[in-house]
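K.L.:
Have a look at this one.
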Amino acid sequence: MDVLTDPARRFLTATAPEHTPVQAEMADLADEWGFPIIGPEAGAVLRLLARLTDADRVFEFGSGFGYSATWFLRGGAGSVVCTEFDADEAERGVAFAAEGGYADSVTFEVGDAMETVDRYEGPFDVVLIDHQKGRYADAYRTVLPKVRTGGVIVADNVTRGPIDFKALVAHFEAGEPLPDDAVDGETRGIGEYVGTVRSDDAVETAVLPVGSGVAVSTVVR
């Protein structure tokens with residue numbers, strides 16, 4: 001389901017920033033592999049958030065071959081910790097980083113992102129959550145203490161992707177229950193995440209319908 005009208009979607013696409021040469025290669029590879037990336041529309045938001053927070057340290061839950069990290073770096077981020085369970089994807093990310101000249105600014109950690117973040121001390125300036133949807137809320141609760149006040153936590157795929165957006169609308173608009181985890185764990189995970197950040201006084205959250213939809217939470221505690 002496309003939550004935007006066709007003119008709005010085309011407008012966002014037409015006004016999104018251009019890819020760098022390495023990002024264009026990444027996008028081509030994503031098309032070849034059928035691998036989802038956030039795209040330049042949402043990438044522009046990541047770039048903007050890095051710039052606005054004067055980000056030094058960024059942590060990503062789920063990175064693939066590092067496409068989203070390149071947008072943080074374009075926004076001036078000092079370093080990005082990329083996590084990826086698939087060693088081949090991480091290896092490809094390392095190669096892209098070397099080709100793009102930003103190898104010193106990214107670290108690829110292969111394995112479970114939830115275990116990886118435990119090995120890193122804060123504070124982080126920006127965090128991206130883009131791994132298994134059923135673990136979004138757990139990732140948020142785990143990383144929140146490591147994000148500085150004024151920092152930002154971003155979650156991808158909140159309006160589009162492997163989710164039932166109509167079910168999310170019914171839940172937040174009319175109080176309909178979320179799908180059972182065994183029936184649709186992705187939709188339930190996104191619904192639980194959005195509900196968690198909306199009810200947490202430690203953050204202020206807005207949902208932006210760009211790309212696959214991003215929930216942006218600023219830490220205000």
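Residue numbering restarts at 1 in every chain; chains get A, B, ... in the order shown in the structure tokens, and ligands count up from 1 in that same order.
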Could you pull the residues within 10 Å of range 95-104 of chain A, counting only C-alpha atoms, minus those fewer than 4 positions along the same chain, as a PyMOL selection string?
P.N.:
chain A and resi 20-23+25-26+65-67+69-70+73+78-80+89-91+108
K.L.:
Taking the chain letters and numbering used in this document, name the residues of range 18-138 of chain A that DSSP puts in alpha helix (DSSP H), as a count of residues only.
P.N.:
57
K.L.:
Determine the nearest neighbour of Pro123 in chain A from the options A:Asp56, A:Glu18, A:Asp184, A:Asp201, counting only C-alpha atoms.
P.N.:
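The shortest atom-to-atom distance to Pro123 in chain A comes from A:Asp56.
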K.L.:
One decimal, in Å: what's the spacing between CA of Leu12 in chain A and CA of Glu186 in chain A?
P.N.:
25.9 Å
K.L.:
Which neighbours of Ser68 in chain A fall inside 10 Å, counting only C-alpha atoms, when residues of the same chain fewer than 6 positions from it are skipped, and could you give them as a short mmCIF file (atom, residue, chain, number, x, y, z; two decimals) with N, CA and C atoms, in the first residue's frame?
P.N.:
data_model
loop_
_atom_site.label_atom_id
_atom_site.label_comp_id
_atom_site.auth_asym_id
_atom_site.auth_seq_id
_atom_site.Cartn_x
_atom_site.Cartn_y
_atom_site.Cartn_z
N GLN A 23 26.92 5.46 -4.00
CA GLN A 23 25.52 5.20 -3.66
C GLN A 23 24.75 4.67 -4.86
N ILE A 37 16.47 -0.92 0.37
CA ILE A 37 17.25 0.18 0.93
C ILE A 37 16.31 1.35 1.18
N ILE A 38 16.75 2.29 1.99
CA ILE A 38 15.85 3.38 2.36
C ILE A 38 15.59 4.35 1.22
N GLY A 39 16.51 4.43 0.25
CA GLY A 39 16.33 5.31 -0.89
C GLY A 39 16.69 6.75 -0.58
N PRO A 40 16.84 7.58 -1.62
CA PRO A 40 17.30 8.95 -1.42
C PRO A 40 16.31 9.85 -0.70
N ALA A 42 14.26 9.10 1.96
CA ALA A 42 14.52 8.94 3.39
C ALA A 42 15.98 9.21 3.71
N GLY A 43 16.87 8.92 2.76
CA GLY A 43 18.28 9.22 2.97
C GLY A 43 18.50 10.69 3.23
N ALA A 44 17.75 11.53 2.55
CA ALA A 44 17.87 12.98 2.77
C ALA A 44 17.52 13.34 4.21
N LEU A 46 17.96 11.30 6.84
CA LEU A 46 19.10 10.88 7.67
C LEU A 46 20.23 11.89 7.57
N ARG A 47 20.50 12.36 6.38
CA ARG A 47 21.54 13.37 6.19
C ARG A 47 21.22 14.62 6.99
N GLU A 60 23.75 1.79 13.98
CA GLU A 60 22.67 1.24 13.17
C GLU A 60 22.34 -0.19 13.58
N GLY A 62 20.97 -3.03 11.96
CA GLY A 62 20.67 -3.50 10.62
C GLY A 62 21.19 -2.53 9.59
N VAL A 80 30.18 5.75 11.96
CA VAL A 80 28.95 4.96 11.97
C VAL A 80 29.30 3.51 12.27
N CYS A 82 28.00 -0.03 11.82
CA CYS A 82 27.04 -0.79 11.02
C CYS A 82 26.97 -2.21 11.56
N LEU A 128 19.81 4.41 14.13
CA LEU A 128 18.84 3.93 13.14
C LEU A 128 18.44 2.51 13.50
N ASP A 130 16.57 -0.61 11.96
CA ASP A 130 16.11 -1.10 10.66
C ASP A 130 16.45 -2.58 10.51
#
K.L.:
Which residues are close to Val220 in chain A, i.e. within 7 Å by only C-alpha atoms, leaving aside same-chain residues fewer than 3 positions away? Reply as a PyMOL selection string.
P.N.:
chain A and resi 149-150+202-204
K.L.:
For the residues in that selection, give me N, CA, C and O atoms as a CSV table (one decimal), in the first residue's frame.
P.N.:
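New file part_4.csv:
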chain,number,residue,atom,x,y,z
A,149,THR,N,20.9,13.4,25.3
A,149,THR,CA,19.8,14.3,25.2
A,149,THR,C,20.0,15.2,24.0
A,149,THR,O,21.1,15.8,23.8
A,150,GLY,N,19.0,15.3,23.2
A,150,GLY,CA,19.1,16.1,21.9
A,150,GLY,C,19.4,15.2,20.8
A,150,GLY,O,19.4,15.6,19.6
A,202,ALA,N,10.4,10.4,27.5
A,202,ALA,CA,11.8,10.6,27.3
A,202,ALA,C,12.1,11.1,25.9
A,202,ALA,O,13.1,11.7,25.6
A,203,VAL,N,11.1,11.0,25.0
A,203,VAL,CA,11.3,11.3,23.6
A,203,VAL,C,10.1,12.1,23.1
A,203,VAL,O,9.0,11.9,23.6
A,204,GLU,N,10.3,12.8,22.0
A,204,GLU,CA,9.2,13.4,21.2
A,204,GLU,C,9.3,12.8,19.8
A,204,GLU,O,10.4,12.8,19.2
K.L.:
Taking the DSSP secondary structure from the backbone, can you list the residues of range 93-122 of chain A that are strand (DSSP E or B), as a ChimeraX atom specification?
P.N.:
/A:106-110
K.L.:
Here is a test: counting only C-alpha atoms, which residue of A:Ala14, A:Val154, A:Val94, A:Ala139 is nearest to Ala113 in chain A?
P.N.:
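Closest residue, counting only C-alpha atoms: A:Ala139.
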K.L.:
What is the CA of Ile129 in chain A to CA of Phe61 in chain A distance in Å?
P.N.:
4.8 Å
K.L.:
Looking at A:Val58, A:Ala50, A:Val210, A:Gly191, which one is nearest to Gly175 in chain A, with distances taken over only C-alpha atoms?
P.N.:
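Nearest to Gly175 in chain A: A:Gly191.
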K.L.:
Mind checking which residues fall within 12 Å of Ala8 in chain A, counting only C-alpha atoms, ignoring those fewer than 5 positions away in the same chain, and posting them as a ChimeraX atom specification?
P.N.:
/A:2-3,13-15,41,209-211
K.L.:
Mind dumping the selected residues with N, CA, C and O atoms as an mmCIF file, in the first residue's frame?
P.N.:
data_model
loop_
_atom_site.group_PDB
_atom_site.id
_atom_site.type_symbol
_atom_site.label_atom_id
_atom_site.label_comp_id
_atom_site.auth_asym_id
_atom_site.auth_seq_id
_atom_site.Cartn_x
_atom_site.Cartn_y
_atom_site.Cartn_z
ATOM 1 N N ASP A 2 0.628 2.154 -0.939
ATOM 2 C CA ASP A 2 1.366 3.406 -0.999
ATOM 3 C C ASP A 2 0.568 4.456 -0.237
ATOM 4 O O ASP A 2 -0.568 4.784 -0.611
ATOM 5 N N VAL A 3 1.132 4.992 0.843
ATOM 6 C CA VAL A 3 0.382 5.930 1.671
ATOM 7 C C VAL A 3 0.340 7.319 1.064
ATOM 8 O O VAL A 3 -0.422 8.174 1.515
ATOM 9 N N THR A 13 10.348 12.143 -4.977
ATOM 10 C CA THR A 13 11.401 11.502 -5.760
ATOM 11 C C THR A 13 12.166 12.527 -6.584
ATOM 12 O O THR A 13 13.399 12.500 -6.652
ATOM 13 N N ALA A 14 11.437 13.448 -7.203
ATOM 14 C CA ALA A 14 12.062 14.435 -8.078
ATOM 15 C C ALA A 14 12.926 15.433 -7.309
ATOM 16 O O ALA A 14 13.888 15.980 -7.854
ATOM 17 N N THR A 15 12.591 15.671 -6.046
ATOM 18 C CA THR A 15 13.328 16.670 -5.263
ATOM 19 C C THR A 15 14.348 16.052 -4.314
ATOM 20 O O THR A 15 15.037 16.777 -3.590
ATOM 21 N N GLU A 41 14.997 9.560 -0.783
ATOM 22 C CA GLU A 41 14.033 10.408 -0.090
ATOM 23 C C GLU A 41 14.228 10.322 1.424
ATOM 24 O O GLU A 41 14.348 11.346 2.114
ATOM 25 N N PRO A 209 6.208 10.380 6.270
ATOM 26 C CA PRO A 209 5.878 9.404 5.226
ATOM 27 C C PRO A 209 6.789 9.519 4.009
ATOM 28 O O PRO A 209 6.337 9.684 2.884
ATOM 29 N N VAL A 210 8.081 9.439 4.237
ATOM 30 C CA VAL A 210 9.051 9.440 3.140
ATOM 31 C C VAL A 210 9.668 8.056 3.046
ATOM 32 O O VAL A 210 9.822 7.368 4.052
ATOM 33 N N GLY A 211 10.032 7.652 1.837
ATOM 34 C CA GLY A 211 10.560 6.304 1.670
ATOM 35 C C GLY A 211 9.530 5.291 2.129
ATOM 36 O O GLY A 211 8.380 5.302 1.691
#
K.L.:
Report as a list in words all protein, DNA and RNA residues lying within 9 Å of Ala206 in chain A, evaluated on only C-alpha atoms, omitting residues in the same chain fewer than 2 positions from it.
P.N.:
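Near neighbours after the sequence-gap exclusion: Arg198, Glu204, Leu208, Val214, Ala215, Val216, Ser217 and Thr218 of chain A.
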K.L.:
Which of these, A:Val106, A:Ala24, A:Ala137, A:Ile190, has the shortest distance to Ile163 in chain A once you count only C-alpha atoms?
P.N.:
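Closest to Ile163 in chain A, using only C-alpha atoms: A:Ile190.
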